[in-house]
Amino acid sequence: MILLTRKIEFSASHRYDNPALSPEENRRVFGKCNNPHGHGHNYTLEVTVEGEPDPVTGMVLDLSELKKILEREVMQRMDHRHLNYEVPELAGLIPTCENVARVIWQLLEPKITQGRLHRVRLYESPDLFADCYRNGARKATA
Amino acid sequence: MGPGANTGALKIELGRRYRFAASHRLHSARLSEAENHRLYGKCSNPYGHGHNYVLEIGVSGEVDPATGMIANLADLDGFVEREVLEPFDHRSLNEEVPAFRDKVPTTENLCVEIFQRLKSFSAAKLERVRVEETSNNSFEYAADDLTDATEVGAHSEGNTL
């Protein structure tokens with residue numbers, strides 16, 4: 001099995017705030033991520049697809065096809081957007097790395113029909129990221 | 001598909017990177033001077049040397065719907081600070097970390113030691129510890145490897161630096 005990884009970058013703003021909590025609790029739990037007007041990150045997304053190379057093309061999947069999927073599903077939805085207000089799939093969720101990575105998995109998984117989605121890794125910063133993968137799957141390391 | 005669908009089949013792991021600087025000397029009391037020199041090369045020089053280490057950890061667990069998080073980041077950072085960064089940063093691993101009094105502080109052994117120190121984190125499951133000794137050498141130790149948490153004698157710093 002071959003693992004193929006494509007990396008893209010997008011920029012977005014977000015804010016952590018749970019309406020079920022009081023302002024003081026939100027402040028305590030989320031710290032400066034609760035600041036009222038939000039803040040932003042340069043996100044880096046690594047998408048790993050698993051599969052066997054096609055005997056004719058030598059490819060697990062056509063990278064230009066993967067680029068189109070990422071452009072349509074991720075870039076157009078999230079790049080230069082406010083994740084709390086402009087991404088319906090994140091409605092009602094705190095837009096943490098964990099939740100955004102899972103939503104990206106759910107957006108991509110049905111669209112990748114050559115090979116199979118193996119892992120989504122979303123970096124909020126170089127020192128903080130979340131991985132989403134199938135339970136029990138041997139995941140790609142760094 | 002709604003955002004909550006199919007989550008049972010998915011695993012979420014949070015990755016976090018930290019930095020510390022420390023010195024070490026690779027030298028085994030079980031080997032002769034000549035053998036130490038042959039095996040560890042300049043890493044066995046008598047007064048030690050240092051690295052800017054990068055520690056990367058992965059923790060998994062349920063994402064709390066109230067916070068969107070596996071574990072509160074401040075809690076995780078505080079735990080790592082207390083268990084690893086404070087006792088290791090700007091220290092001599094050989095002299096100031098008890099585990100390395102009689103164990104060679106290779107980065108293999110450092111991974112295992114850090115795993116042991118962090119595995120009791122109560123808010124999430126520690127999946128893996130990865131240590132970059134330099135940007136060219138990194139070592140990883142995963143929860144699956146726990147059963148053979150024995151000292152690793154070899155090291156891969158050698159002449160590759």
# chains A, B, ... in the order shown; residues from 1 in each chain; ligands from 1

$ interface_residues --of "chain B" --to "chain A" --cutoff "12 Å" --atoms "only C-alpha atoms" --output "count of residues only"
55

$ residues_around --residues "range 62-74 of chain A" --least-positions-apart "6" --cutoff "9 Å" --atoms "only C-alpha atoms" --output "list in words"
Arg6, Ile8, Phe10, Val47, Ile104, Leu107, Leu108, Lys111, Ile112 and Gln114 of chain A

$ write_last_selection --atoms "C-alpha atoms" --output "PDB file, in the first residue's frame"
ATOM      1  CA  ARG A   6      -1.022  16.503  -0.533  1.00  0.00           C
ATOM      2  CA  ILE A   8      -2.577  22.916   1.121  1.00  0.00           C
ATOM      3  CA  PHE A  10      -5.674  28.305   3.954  1.00  0.00           C
ATOM      4  CA  VAL A  47      -4.429  14.963   3.239  1.00  0.00           C
ATOM      5  CA  ILE A 104     -12.760  18.069   6.644  1.00  0.00           C
ATOM      6  CA  LEU A 107     -16.263  16.388   3.457  1.00  0.00           C
ATOM      7  CA  LEU A 108     -13.421  14.607   1.674  1.00  0.00           C
ATOM      8  CA  LYS A 111     -15.332  12.499  -2.696  1.00  0.00           C
ATOM      9  CA  ILE A 112     -12.161  10.440  -2.875  1.00  0.00           C
ATOM     10  CA  GLN A 114      -9.675   6.447  -6.304  1.00  0.00           C
TER      11      GLN A 114
END

$ closest_residue --among "B:Val80, B:Leu93, B:Ala143, B:Cys43" --to "Arg117 in chain B" --atoms "only C-alpha atoms"
B:Val80

$ residues_around --residues "Glu52 in chain A" --least-positions-apart "2" --cutoff "6 Å" --atoms "only C-alpha atoms" --output "JSON, numbers by chain"
{"A": [1, 2, 60]}

$ write_last_selection --atoms "C-alpha atoms" --output "CSV table (one decimal), in the first residue's frame"
chain,number,residue,atom,x,y,z
A,1,MET,CA,0.0,0.0,0.0
A,2,ILE,CA,1.2,3.5,-0.9
A,60,VAL,CA,-2.8,5.9,-6.5

$ select_by_dssp --residues "range 22-91 of chain A" --states "helix (DSSP H, G or I)" --output "ChimeraX atom specification"
/A:23-34,63-78,83-86,88-90

$ select_by_dssp --residues "range 91-142 of chain A" --states "strand (DSSP E)" --output "list in words"
Arg116, Leu117, His118, Arg119, Val120, Arg121, Leu122, Tyr123, Glu124, Ser125, Leu128, Phe129, Ala130, Asp131, Cys132, Tyr133 and Arg134 of chain A

$ atom_distance --atom1 "CA of Glu83 in chain B" --atom2 "CA of Ile114 in chain B"
8.3 Å

$ residues_around --residues "range 22-30 of chain B" --least-positions-apart "6" --cutoff "7 Å" --atoms "only C-alpha atoms" --output "VMD selection string"
chain B and resid 36 40 43 to 44 48 to 52 88 to 94 104 to 106

$ atom_distance --atom1 "CA of Gly115 in chain A" --atom2 "CA of Pro53 in chain A"
8.8 Å

$ atom_distance --atom1 "CA of Leu61 in chain A" --atom2 "CA of Met75 in chain A"
19.8 Å
